[in-house]
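Participant: Below is the file upload_20.cif, with mmCIF, C-alpha atoms.
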```cif
data_final
#
loop_
_atom_site.label_atom_id
_atom_site.label_comp_id
_atom_site.auth_asym_id
_atom_site.auth_seq_id
_atom_site.Cartn_x
_atom_site.Cartn_y
_atom_site.Cartn_z
CA MET A 23 84.77 135.28 115.86
CA THR A 24 85.24 134.29 112.19
CA ALA A 25 88.46 133.11 110.60
CA LEU A 26 89.91 135.18 107.78
CA ARG A 27 89.49 133.62 104.35
CA MET A 28 92.52 133.62 102.07
CA ARG A 29 92.85 132.19 98.57
CA ALA A 30 95.67 129.99 97.33
CA ARG A 31 96.64 132.69 94.83
CA ASP A 32 97.28 135.05 97.72
CA PHE A 33 100.37 132.95 98.44
CA LEU A 34 101.52 131.15 95.29
CA SER A 35 101.67 131.92 91.58
CA GLU A 36 99.65 129.91 89.07
CA ASP A 37 102.73 127.92 87.99
CA GLN A 38 103.64 127.17 91.60
CA LEU A 39 100.09 126.04 92.34
CA ILE A 40 100.07 123.70 89.35
CA ALA A 41 103.37 122.17 90.47
CA VAL A 42 102.44 121.59 94.13
CA ARG A 43 98.92 120.37 93.33
CA THR A 44 100.25 117.48 91.24
CA ARG A 45 99.31 114.12 92.76
CA THR A 46 101.72 111.40 91.73
CA THR A 47 100.47 107.89 92.45
CA TRP A 48 103.90 106.30 92.67
CA LYS A 49 104.96 108.80 95.35
CA GLY A 50 101.90 108.00 97.45
CA ILE A 51 102.58 104.27 97.09
CA ALA A 52 106.26 104.82 97.89
CA LEU A 53 105.38 106.46 101.22
CA ILE A 54 103.09 103.54 102.12
CA VAL A 55 105.81 101.05 101.17
CA HIS A 56 108.31 103.04 103.24
CA ALA A 57 106.05 102.86 106.31
CA TRP A 58 105.52 99.11 106.00
CA ALA A 59 109.20 98.48 105.23
CA LEU A 60 110.18 100.17 108.50
CA ILE A 61 107.52 98.20 110.39
CA ILE A 62 108.58 94.85 108.93
CA GLY A 63 112.27 95.72 109.33
CA SER A 64 111.76 96.61 112.98
CA ILE A 65 110.00 93.31 113.64
CA ALA A 66 112.81 91.45 111.83
CA LEU A 67 115.41 93.26 113.94
CA VAL A 68 113.82 92.09 117.20
CA ALA A 69 113.38 88.55 115.85
CA TRP A 70 117.04 88.44 114.78
CA TRP A 71 118.51 90.19 117.84
CA PRO A 72 116.01 90.08 120.74
CA ASN A 73 116.94 92.31 123.66
CA PRO A 74 115.37 95.25 125.53
CA LEU A 75 117.15 97.89 123.45
CA THR A 76 116.10 96.51 120.08
CA PHE A 77 112.57 96.05 121.40
CA LEU A 78 112.33 99.67 122.56
CA LEU A 79 113.83 100.92 119.30
CA ALA A 80 111.41 98.80 117.27
CA ALA A 81 108.39 99.83 119.35
CA GLY A 82 109.28 103.51 118.90
CA ILE A 83 109.73 103.19 115.15
CA ILE A 84 106.60 101.08 114.69
CA GLY A 85 104.50 103.46 116.81
CA SER A 86 105.69 106.38 114.68
CA ARG A 87 104.90 104.45 111.48
CA GLN A 88 101.42 103.67 112.82
CA LEU A 89 100.96 107.41 113.17
CA GLY A 90 102.49 107.62 109.69
CA LEU A 91 99.79 105.31 108.34
CA ALA A 92 97.16 107.55 109.95
CA ILE A 93 98.84 110.55 108.31
CA LEU A 94 98.78 108.83 104.92
CA MET A 95 95.13 107.92 105.53
CA HIS A 96 94.61 111.63 106.15
CA ASP A 97 96.23 112.35 102.78
CA GLY A 98 93.85 109.83 101.28
CA ALA A 99 90.91 111.59 102.93
CA HIS A 100 92.00 114.70 101.01
CA GLY A 101 92.34 112.66 97.80
CA CYS A 102 96.10 113.12 97.71
CA LEU A 103 97.49 109.57 97.51
CA SER A 104 96.47 109.24 93.86
CA SER A 105 94.67 111.31 91.24
CA ASP A 106 92.48 108.23 90.65
CA GLU A 107 89.87 108.43 93.42
CA LYS A 108 89.15 104.69 93.43
CA LEU A 109 92.83 103.85 93.79
CA ASN A 110 93.26 106.68 96.31
CA LEU A 111 90.51 105.25 98.51
CA ALA A 112 91.75 101.67 98.16
CA LEU A 113 95.29 102.63 99.16
CA SER A 114 94.03 104.75 102.04
CA GLN A 115 91.63 102.13 103.39
CA TRP A 116 93.43 98.81 103.05
CA PHE A 117 97.05 99.82 103.60
CA CYS A 118 96.71 102.82 105.95
CA ALA A 119 93.38 103.09 107.77
CA TYR A 120 92.24 99.53 108.42
CA PRO A 121 95.53 98.32 109.97
CA VAL A 122 95.23 101.03 112.67
CA PHE A 123 91.47 100.48 113.14
CA ALA A 124 90.46 103.64 111.27
CA GLU A 125 88.15 104.35 108.32
CA THR A 126 88.87 106.95 105.65
CA ARG A 127 85.34 107.97 104.65
CA ALA A 128 84.11 108.46 108.20
CA TYR A 129 87.27 110.40 109.01
CA ARG A 130 86.84 112.56 105.89
CA ARG A 131 83.30 113.61 106.84
CA TYR A 132 84.45 114.61 110.30
CA HIS A 133 87.74 116.17 109.29
CA LEU A 134 86.41 118.59 106.68
CA HIS A 135 84.49 120.37 109.45
CA HIS A 136 87.82 121.04 111.13
CA HIS A 137 89.21 122.65 107.98
CA ALA A 138 86.08 124.73 107.47
CA ASN A 139 86.06 126.05 111.08
CA THR A 140 89.69 125.94 112.20
CA GLN A 141 90.09 127.14 115.80
CA GLN A 142 86.56 128.56 115.84
CA HIS A 143 83.90 127.66 118.41
CA ASP A 144 82.42 125.01 116.06
CA ASP A 145 85.74 123.36 115.21
CA PRO A 146 85.31 119.69 116.25
CA ASP A 147 89.03 119.52 117.04
CA LEU A 148 89.02 122.55 119.33
CA ILE A 149 89.04 120.34 122.41
CA LEU A 150 92.48 119.09 121.37
CA SER A 151 94.00 122.57 121.59
CA ALA A 152 91.73 124.66 123.84
CA PRO A 153 93.04 123.43 127.23
CA PHE A 154 96.56 124.69 126.51
CA PRO A 155 98.73 126.02 128.00
CA ILE A 156 98.63 123.54 130.86
CA THR A 157 101.01 122.90 133.73
CA LYS A 158 104.01 120.61 133.47
CA VAL A 159 102.40 118.43 136.15
CA SER A 160 99.25 118.08 134.05
CA TYR A 161 101.26 117.18 130.96
CA ARG A 162 103.25 114.56 132.88
CA ARG A 163 99.97 112.95 133.96
CA LYS A 164 98.82 112.84 130.34
CA PHE A 165 102.18 111.49 129.20
CA VAL A 166 102.02 108.67 131.75
CA ARG A 167 98.45 107.80 130.75
CA ASP A 168 99.47 107.71 127.09
CA LEU A 169 102.66 105.72 127.61
CA THR A 170 101.05 103.14 129.88
CA GLY A 171 98.22 102.46 127.45
CA GLN A 172 95.42 104.02 129.49
CA THR A 173 94.53 106.52 126.76
CA GLY A 174 94.69 103.88 124.05
CA TYR A 175 92.53 101.51 126.07
CA GLN A 176 89.85 104.16 126.63
CA GLN A 177 89.80 105.10 122.95
CA ARG A 178 89.58 101.51 121.73
CA LYS A 179 86.94 100.67 124.34
CA ALA A 180 84.80 103.60 123.15
CA GLN A 181 85.33 102.55 119.53
CA ILE A 182 84.28 98.95 120.21
CA LEU A 183 81.23 99.96 122.27
CA ASN A 184 80.18 102.36 119.51
CA ALA A 185 80.57 99.58 116.94
CA LEU A 186 78.48 97.18 119.03
CA GLY A 187 75.57 99.61 119.20
CA PRO A 188 73.02 99.96 122.02
CA SER A 189 72.86 97.09 124.50
CA GLU A 190 69.10 96.72 123.99
CA TRP A 191 69.60 95.69 120.37
CA PRO A 192 69.29 91.95 119.56
CA LEU A 193 72.61 90.10 119.38
CA ARG A 194 72.32 89.58 115.62
CA GLN A 195 71.74 93.28 115.04
CA ARG A 196 74.69 94.22 117.26
CA ALA A 197 76.93 91.74 115.45
CA ALA A 198 75.91 93.13 112.06
CA HIS A 199 76.50 96.69 113.24
CA PHE A 200 79.92 95.74 114.63
CA TRP A 201 80.88 94.12 111.34
CA GLU A 202 79.73 97.17 109.40
CA LYS A 203 81.78 99.49 111.59
CA LEU A 204 84.91 97.42 112.25
CA GLY A 205 84.72 94.36 110.01
CA PRO A 206 87.43 95.38 107.51
CA GLN A 207 89.72 96.54 110.33
CA VAL A 208 89.36 93.22 112.17
CA THR A 209 89.90 91.30 108.93
CA VAL A 210 93.09 93.16 108.02
CA ASN A 211 94.47 92.71 111.52
CA ALA A 212 93.60 89.00 111.44
CA VAL A 213 95.53 88.70 108.17
CA MET A 214 98.47 90.51 109.77
CA PHE A 215 98.45 88.15 112.77
CA THR A 216 98.24 85.11 110.47
CA ALA A 217 101.16 86.36 108.37
CA MET A 218 103.28 86.87 111.48
CA ALA A 219 102.32 83.45 112.82
CA LEU A 220 103.26 81.80 109.52
CA ALA A 221 106.58 83.66 109.64
CA GLY A 222 107.19 82.20 113.12
CA VAL A 223 106.87 85.53 114.95
CA TRP A 224 103.26 85.41 116.21
CA TRP A 225 104.37 87.29 119.34
CA ALA A 226 105.15 90.34 117.19
CA TYR A 227 101.45 91.11 116.76
CA PRO A 228 100.65 91.74 120.43
CA LEU A 229 104.11 93.05 121.39
CA LEU A 230 105.19 94.99 118.28
CA TRP A 231 101.86 95.98 116.76
CA LEU A 232 99.16 96.33 119.40
CA LEU A 233 101.46 97.53 122.17
CA PRO A 234 102.97 100.47 120.18
CA LEU A 235 99.49 101.28 118.87
CA MET A 236 98.22 101.61 122.44
CA THR A 237 101.26 103.40 123.87
CA TRP A 238 103.85 105.26 121.80
CA MET A 239 101.39 106.18 119.09
CA MET A 240 99.21 107.78 121.77
CA VAL A 241 102.17 109.77 123.12
CA ILE A 242 103.17 111.22 119.77
CA THR A 243 99.58 111.75 118.63
CA ARG A 244 99.12 114.05 121.61
CA ILE A 245 102.40 115.84 120.87
CA ARG A 246 101.32 116.28 117.26
CA ASN A 247 97.92 117.61 118.32
CA ILE A 248 99.61 120.14 120.58
CA ALA A 249 102.06 121.24 117.89
CA GLU A 250 99.38 121.76 115.27
CA HIS A 251 96.95 124.12 117.00
CA ALA A 252 97.71 124.63 120.70
CA VAL A 253 98.91 128.01 122.02
CA VAL A 254 98.73 129.70 118.62
CA SER A 255 98.97 133.43 118.13
CA ASP A 256 95.66 134.32 116.47
CA SER A 257 92.71 131.94 116.08
CA SER A 258 91.23 134.02 113.24
CA ASP A 259 94.39 134.30 111.09
CA PRO A 260 95.12 131.27 108.83
CA LEU A 261 98.84 132.05 109.06
CA ARG A 262 98.71 132.02 112.86
CA ASN A 263 95.89 129.68 113.92
CA THR A 264 97.99 126.64 113.15
CA ARG A 265 101.69 125.92 113.26
CA THR A 266 104.59 124.46 111.36
CA THR A 267 107.25 122.84 113.52
CA ARG A 268 110.71 122.25 112.13
CA ALA A 269 111.76 118.64 112.68
CA ASN A 270 115.19 117.05 112.61
CA PHE A 271 115.92 113.46 111.56
CA ILE A 272 115.26 111.98 115.03
CA GLU A 273 111.95 113.85 115.35
CA ARG A 274 110.88 112.72 111.90
CA LEU A 275 111.80 109.12 112.74
CA PHE A 276 110.05 108.90 116.11
CA ILE A 277 107.50 111.74 116.33
CA ALA A 278 106.59 113.46 113.06
CA PRO A 279 106.63 111.18 109.99
CA TYR A 280 105.64 112.07 106.44
CA TYR A 281 105.77 115.84 106.63
CA VAL A 282 103.05 116.13 109.28
CA ASN A 283 105.05 118.95 110.86
CA TYR A 284 104.13 121.27 107.95
CA HIS A 285 100.65 121.84 109.29
CA LEU A 286 100.34 125.54 108.49
CA GLU A 287 101.04 124.80 104.83
CA HIS A 288 98.53 121.96 104.87
CA HIS A 289 95.77 124.21 106.20
CA LEU A 290 96.44 126.88 103.62
CA LEU A 291 96.36 124.34 100.78
CA PHE A 292 94.71 121.20 102.10
CA TYR A 293 94.56 119.52 98.68
CA ILE A 294 98.39 119.43 98.40
CA PRO A 295 100.04 115.98 98.76
CA CYS A 296 102.14 115.78 101.90
CA TYR A 297 105.39 115.33 99.95
CA ASN A 298 104.89 118.79 98.37
CA LEU A 299 104.41 120.60 101.68
CA PRO A 300 108.15 121.31 102.20
CA ARG A 301 108.16 123.07 98.82
CA VAL A 302 105.16 125.19 99.85
CA HIS A 303 106.99 126.04 103.08
CA ARG A 304 110.06 127.23 101.15
CA ILE A 305 107.90 129.41 98.90
CA LEU A 306 106.07 130.96 101.84
CA SER A 307 109.30 131.50 103.76
CA GLN A 308 110.56 133.67 100.90
CA SER A 309 107.30 135.59 100.56
CA PRO A 310 106.05 138.79 102.23
CA HIS A 311 103.96 136.55 104.52
CA ALA A 312 106.98 134.90 106.16
CA GLY A 313 107.00 137.18 109.20
CA ARG A 314 103.39 136.35 110.07
CA MET A 315 103.77 132.58 109.93
CA GLU A 316 103.56 130.62 113.19
CA VAL A 317 106.71 128.48 113.10
CA GLN A 318 108.60 126.81 115.96
CA PRO A 319 112.16 125.43 115.77
CA ASN A 320 111.41 121.96 117.21
CA TYR A 321 108.91 119.96 119.23
CA MET A 322 110.56 120.71 122.56
CA ALA A 323 109.97 124.41 121.94
CA VAL A 324 106.29 123.70 121.32
CA LEU A 325 105.99 121.63 124.50
CA ARG A 326 107.59 124.43 126.51
CA LEU A 327 104.91 126.81 125.21
CA ALA A 328 102.17 124.29 125.89
CA THR A 329 103.28 123.65 129.48
CA ALA A 330 103.94 127.26 130.46
CA LYS A 331 101.06 127.47 132.93
CA PRO A 332 102.29 127.74 136.55
CA ASP A 333 102.11 124.42 138.40
CA HIS A 334 100.02 125.93 141.21
CA ASP A 335 97.24 126.76 138.72
CA ASP A 336 95.88 123.49 137.38
CA ARG A 337 92.27 124.50 136.74
CA PRO A 338 90.65 124.12 133.29
CA GLY A 339 89.88 127.38 131.54
CA GLU A 340 86.76 128.73 129.90
CA LEU A 341 87.87 127.56 126.47
CA VAL A 342 87.78 123.96 127.64
CA SER A 343 84.06 124.23 128.34
CA ILE A 344 83.50 125.82 124.94
CA ALA A 345 85.49 123.07 123.26
CA ARG A 346 83.64 120.32 125.09
CA ARG A 347 80.32 121.73 123.96
CA ALA A 348 81.60 121.94 120.40
CA ARG A 349 82.86 118.39 120.59
CA ALA A 350 79.63 116.96 121.99
CA GLY A 351 78.03 116.78 118.57
CA ALA A 352 81.00 115.16 116.85
CA THR A 353 81.26 111.41 116.30
CA ALA A 354 83.92 109.67 118.39
CA ALA A 355 85.11 107.35 115.65
CA GLY A 356 86.73 110.00 113.47
CA ASP A 357 88.90 111.54 116.15
CA GLN A 358 89.81 108.22 117.74
CA ALA A 359 90.99 107.02 114.37
CA ALA A 360 93.47 109.78 113.69
CA GLY A 361 93.49 112.26 116.54
CA GLY A 362 92.78 115.48 114.72
CA PHE A 363 95.20 116.54 111.93
#
```
As C-alpha cells, what does this structure read like?

Facilitator:
Amino acid sequence: MTALRMRARDFLSEDQLIAVRTRTTWKGIALIVHAWALIIGSIALVAWWPNPLTFLLAAGIIGSRQLGLAILMHDGAHGCLSSDEKLNLALSQWFCAYPVFAETRAYRRYHLHHHANTQQHDDPDLILSAPFPITKVSYRRKFVRDLTGQTGYQQRKAQILNALGPSEWPLRQRAAHFWEKLGPQVTVNAVMFTAMALAGVWWAYPLLWLLPLMTWMMVITRIRNIAEHAVVSDSSDPLRNTRTTRANFIERLFIAPYYVNYHLEHHLLFYIPCYNLPRVHRILSQSPHAGRMEVQPNYMAVLRLATAKPDHDDRPGELVSIARRARAGATAAGDQAAGGF
C-alpha cells in the first residue's frame, strides 16, 4: 500500500502559502519563553505555597511544558523556530531538546522517515498507532505504567545503556561515547539543578523536573501519540491517515501545548511553524476538502475510539507484528526523545 501524494497547492493558494510559511524568530523565541515561564512559575508557586494541591497542579503544568519543549524541538527539527538555521538549531538544542534529554539532529534524521512513509509498513512510528484499538483494560494498564514512572524508567534506562555502548568496550571508550551521546543533556540539567540549588529550591529538580518528566509527560505523550495516528480512517489518504483534535483551554494547558493537536495540518505542510497551523486548519475547514478531514472534537473522543475493543479480546493484532518489524531497524534514541510526532 502506498500513500497518496498531494501538493501544498492542492490545498492553499500561493498567497496563503507565502503567509503560513513565514518563520518569525521572535514568535519561536516567545513560545520557548512561555514554556519556561510556566515551568519557573509553577516551581515558584510550590515554593511559596507548598501543599499537595499546588504540587499536583505544578507537576501537571510542568509535565505538559516538558512535552511542549519536545514539540518546540520538533519544530526546530523542521527548521521552523527561526529562518536562520544556526539560530534555529541553537534554540532547539539548548532550550528545548537538551533539558528533556533529547537531541534535535538525531531526532530529525529519524523523524523525516515518518513523514515520508506515514502509516505505511516502513513508517518507524507505526508501532505507536498499529496496536489500536485496544481494550479499556489494556489502556488502564498502560496509563498506570506511565503515571507511576515505569514507562519513563524503561525509556531512560534504554537511552543510558545505548549511550554507554557495548559492555565489552574499555571504560574510557564507553565514557567518551556516553559524553558524545548525552553530554550536553547532562550539562544542561546540571546547570538547572545548580540554579535551583542557588535559588534555595534544590528539591524542585527531583520533585518538579525529573518526576513530571518520568510520569505525567509519559501519560500525555501516549495520549498525543494515540490522537495523531491511531484508529484513523484511511492509511493511504493524507487527509485521513492522521488526525486533528480540537482542544479546549484545559486540554491545551495539561495535554496538548503549542498547537500539537493540529497534526493533520502539520503532515500536509510539515515546514509550517506550529503557530500558523490554526490558520491552515481554518483555510482547510472552508475548502472542498473539509468533509474528508479526520477531525475529533476532543481528546476524550479519541480515547473512546482507541479503547473500543471489547475487554474480553485483549490479543495483539497482525498490525502489531508488522509495526514491530518496521520498528526493529529504527534507532531508539529518536523516539524516546520525543515519542513520535

Participant: Which protein, DNA or RNA residues have an atom at most 7 Å from (88.4, 131.7, 120.6), counting only C-alpha atoms? List them as JSON, numbers by chain.

Facilitator: {"A": [23, 141, 142, 143, 257]}

Participant: Ranking A:Arg131, A:Arg43, A:Arg194, A:Arg87 by minimum distance to Val55 of chain A and counting all atoms listed in the file, which one comes first?

Facilitator: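 Selected residue with least distance to Val55 of chain A: A:Arg87.
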
Participant: Which one is closest to Leu103 of chain A: A:Tyr293, A:Tyr132, A:Phe363, A:Phe154? Count only C-alpha atoms.

Facilitator: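 For Leu103 of chain A, the nearest of the given residues is A:Tyr293.
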
Participant: Just checking: using only C-alpha atoms, which residue out of A:Phe271, A:Leu79, A:Gln181, A:Gly50 ends up closest to Gly63 of chain A?

Facilitator: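 Using only C-alpha atoms, Gly63 of chain A sits closest to A:Leu79.
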
Participant: Residues near Gln207 of chain A, anyone? I mean within 7 Å using only C-alpha atoms, not counting same-chain ones fewer than 4 positions away, as a ChimeraX atom specification.

Facilitator: /A:120-121,123,211

Participant: Okay, now the selection with C-alpha atoms, as a short mmCIF file (atom, residue, chain, number, x, y, z; two decimals), in the frame of the given file?

Facilitator:
```cif
data_model
loop_
_atom_site.label_atom_id
_atom_site.label_comp_id
_atom_site.auth_asym_id
_atom_site.auth_seq_id
_atom_site.Cartn_x
_atom_site.Cartn_y
_atom_site.Cartn_z
CA TYR A 120 92.24 99.53 108.42
CA PRO A 121 95.53 98.32 109.97
CA PHE A 123 91.47 100.48 113.14
CA ASN A 211 94.47 92.71 111.52
#
```

Participant: For each of A:Ile182, A:Ala152, A:Val241, A:Leu286, take the minimum atom-to-atom distance to Arg314 of chain A, counting only C-alpha atoms, then give the residue where this is smallest.

Facilitator: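 Closest to Arg314 of chain A of all the choices is A:Leu286.
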
Participant: Smallest atom-to-atom distance to Ala330 of chain A: which of A:Tyr161, A:Phe200, A:Trp231, A:Trp58, using all atoms listed in the file?

Facilitator: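 When distances to Ala330 of chain A are compared using all atoms listed in the file, the smallest one comes from A:Tyr161.
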
Participant: As a VMD selection string, please: the residues near Leu34 of chain A (cut-off 8 Å, all atoms listed in the file, same-chain neighbours under 3 positions excluded).

Facilitator: chain A and resid 30 to 31 38 to 39 305 to 306

Participant: Given the choices A:Arg268, A:Gly90, A:Ala119, A:Ile61, which gets closest to Met322 of chain A if the distance is worked out from all atoms listed in the file?

Facilitator: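 Looking only at the distances to Met322 of chain A, the closest residue turns out to be A:Arg268.
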
Participant: Could you give me, as a VMD selection string, the residues that have an atom at most 10 Å away from the point (93.2, 114.0, 102.4) in the coordinates of the file, using only C-alpha atoms?

Facilitator: chain A and resid 93 to 103 110 to 111 114 126 129 to 130 133 to 134 288 292 to 296

Participant: Using the atoms already present, construct N, CA and C atoms for segment 233-268 of chain A and hand them back as an mmCIF file, in the coordinates of the input.

Facilitator:
```
data_model
loop_
_atom_site.group_PDB
_atom_site.id
_atom_site.type_symbol
_atom_site.label_atom_id
_atom_site.label_comp_id
_atom_site.auth_asym_id
_atom_site.auth_seq_id
_atom_site.Cartn_x
_atom_site.Cartn_y
_atom_site.Cartn_z
ATOM 1 N N LEU A 233 100.872 96.764 121.066
ATOM 2 C CA LEU A 233 101.460 97.530 122.170
ATOM 3 C C LEU A 233 101.900 98.929 121.725
ATOM 4 N N PRO A 234 102.659 99.100 120.644
ATOM 5 C CA PRO A 234 102.970 100.470 120.180
ATOM 6 C C PRO A 234 101.730 101.268 119.811
ATOM 7 N N LEU A 235 100.726 100.593 119.242
ATOM 8 C CA LEU A 235 99.490 101.280 118.870
ATOM 9 C C LEU A 235 98.790 101.870 120.091
ATOM 10 N N MET A 236 98.895 101.183 121.214
ATOM 11 C CA MET A 236 98.220 101.610 122.440
ATOM 12 C C MET A 236 99.077 102.539 123.300
ATOM 13 N N THR A 237 100.367 102.643 122.997
ATOM 14 C CA THR A 237 101.260 103.400 123.870
ATOM 15 C C THR A 237 101.977 104.522 123.124
ATOM 16 N N TRP A 238 103.048 104.199 122.409
ATOM 17 C CA TRP A 238 103.850 105.260 121.800
ATOM 18 C C TRP A 238 103.055 106.079 120.789
ATOM 19 N N MET A 239 102.205 105.415 120.027
ATOM 20 C CA MET A 239 101.390 106.180 119.090
ATOM 21 C C MET A 239 100.510 107.189 119.821
ATOM 22 N N MET A 240 100.014 106.843 120.999
ATOM 23 C CA MET A 240 99.210 107.780 121.770
ATOM 24 C C MET A 240 100.041 108.970 122.247
ATOM 25 N N VAL A 241 101.281 108.699 122.664
ATOM 26 C CA VAL A 241 102.170 109.770 123.120
ATOM 27 C C VAL A 241 102.412 110.775 122.009
ATOM 28 N N ILE A 242 102.797 110.284 120.839
ATOM 29 C CA ILE A 242 103.170 111.220 119.770
ATOM 30 C C ILE A 242 101.948 111.810 119.081
ATOM 31 N N THR A 243 100.814 111.135 119.142
ATOM 32 C CA THR A 243 99.580 111.750 118.630
ATOM 33 C C THR A 243 99.231 112.979 119.455
ATOM 34 N N ARG A 244 99.391 112.885 120.774
ATOM 35 C CA ARG A 244 99.120 114.050 121.610
ATOM 36 C C ARG A 244 100.123 115.178 121.312
ATOM 37 N N ILE A 245 101.392 114.828 121.177
ATOM 38 C CA ILE A 245 102.400 115.840 120.870
ATOM 39 C C ILE A 245 102.079 116.518 119.544
ATOM 40 N N ARG A 246 101.681 115.717 118.558
ATOM 41 C CA ARG A 246 101.320 116.280 117.260
ATOM 42 C C ARG A 246 100.108 117.192 117.358
ATOM 43 N N ASN A 247 99.103 116.768 118.124
ATOM 44 C CA ASN A 247 97.920 117.610 118.320
ATOM 45 C C ASN A 247 98.301 118.956 118.927
ATOM 46 N N ILE A 248 99.170 118.917 119.926
ATOM 47 C CA ILE A 248 99.610 120.140 120.580
ATOM 48 C C ILE A 248 100.337 121.035 119.582
ATOM 49 N N ALA A 249 101.243 120.447 118.822
ATOM 50 C CA ALA A 249 102.060 121.240 117.890
ATOM 51 C C ALA A 249 101.217 121.895 116.811
ATOM 52 N N GLU A 250 100.147 121.254 116.411
ATOM 53 C CA GLU A 250 99.380 121.760 115.270
ATOM 54 C C GLU A 250 98.536 122.987 115.594
ATOM 55 N N HIS A 251 97.897 123.020 116.758
ATOM 56 C CA HIS A 251 96.950 124.120 117.000
ATOM 57 C C HIS A 251 96.986 124.702 118.414
ATOM 58 N N ALA A 252 97.721 124.120 119.327
ATOM 59 C CA ALA A 252 97.710 124.630 120.700
ATOM 60 C C ALA A 252 98.587 125.868 120.843
ATOM 61 N N VAL A 253 98.152 126.792 121.682
ATOM 62 C CA VAL A 253 98.910 128.010 122.020
ATOM 63 C C VAL A 253 99.342 128.745 120.749
ATOM 64 N N VAL A 254 98.410 128.956 119.840
ATOM 65 C CA VAL A 254 98.730 129.700 118.620
ATOM 66 C C VAL A 254 98.447 131.177 118.832
ATOM 67 N N SER A 255 98.965 131.982 117.918
ATOM 68 C CA SER A 255 98.970 133.430 118.130
ATOM 69 C C SER A 255 97.637 134.110 117.876
ATOM 70 N N ASP A 256 96.890 133.625 116.861
ATOM 71 C CA ASP A 256 95.660 134.320 116.470
ATOM 72 C C ASP A 256 94.715 133.307 115.846
ATOM 73 N N SER A 257 93.628 132.982 116.537
ATOM 74 C CA SER A 257 92.710 131.940 116.080
ATOM 75 C C SER A 257 91.970 132.317 114.805
ATOM 76 N N SER A 258 91.964 133.593 114.425
ATOM 77 C CA SER A 258 91.230 134.020 113.240
ATOM 78 C C SER A 258 92.124 134.197 112.012
ATOM 79 N N ASP A 259 93.437 134.081 112.184
ATOM 80 C CA ASP A 259 94.390 134.300 111.090
ATOM 81 C C ASP A 259 94.910 132.960 110.596
ATOM 82 N N PRO A 260 94.676 132.581 109.327
ATOM 83 C CA PRO A 260 95.120 131.270 108.830
ATOM 84 C C PRO A 260 96.623 131.088 108.820
ATOM 85 N N LEU A 261 97.382 132.179 108.951
ATOM 86 C CA LEU A 261 98.840 132.050 109.060
ATOM 87 C C LEU A 261 99.288 131.902 110.508
ATOM 88 N N ARG A 262 98.329 132.057 111.447
ATOM 89 C CA ARG A 262 98.710 132.020 112.860
ATOM 90 C C ARG A 262 97.775 131.178 113.724
ATOM 91 N N ASN A 263 96.771 130.532 113.124
ATOM 92 C CA ASN A 263 95.890 129.680 113.920
ATOM 93 C C ASN A 263 96.274 128.197 113.822
ATOM 94 N N THR A 264 97.384 127.962 113.171
ATOM 95 C CA THR A 264 97.990 126.640 113.150
ATOM 96 C C THR A 264 99.498 126.847 113.069
ATOM 97 N N ARG A 265 100.247 125.764 113.090
ATOM 98 C CA ARG A 265 101.690 125.920 113.260
ATOM 99 C C ARG A 265 102.455 124.914 112.421
ATOM 100 N N THR A 266 103.585 125.370 111.914
ATOM 101 C CA THR A 266 104.590 124.460 111.360
ATOM 102 C C THR A 266 105.712 124.335 112.366
ATOM 103 N N THR A 267 106.156 123.114 112.577
ATOM 104 C CA THR A 267 107.250 122.840 113.520
ATOM 105 C C THR A 267 108.400 122.208 112.757
ATOM 106 N N ARG A 268 109.544 122.849 112.799
ATOM 107 C CA ARG A 268 110.710 122.250 112.130
ATOM 108 C C ARG A 268 111.093 120.963 112.862
#
```
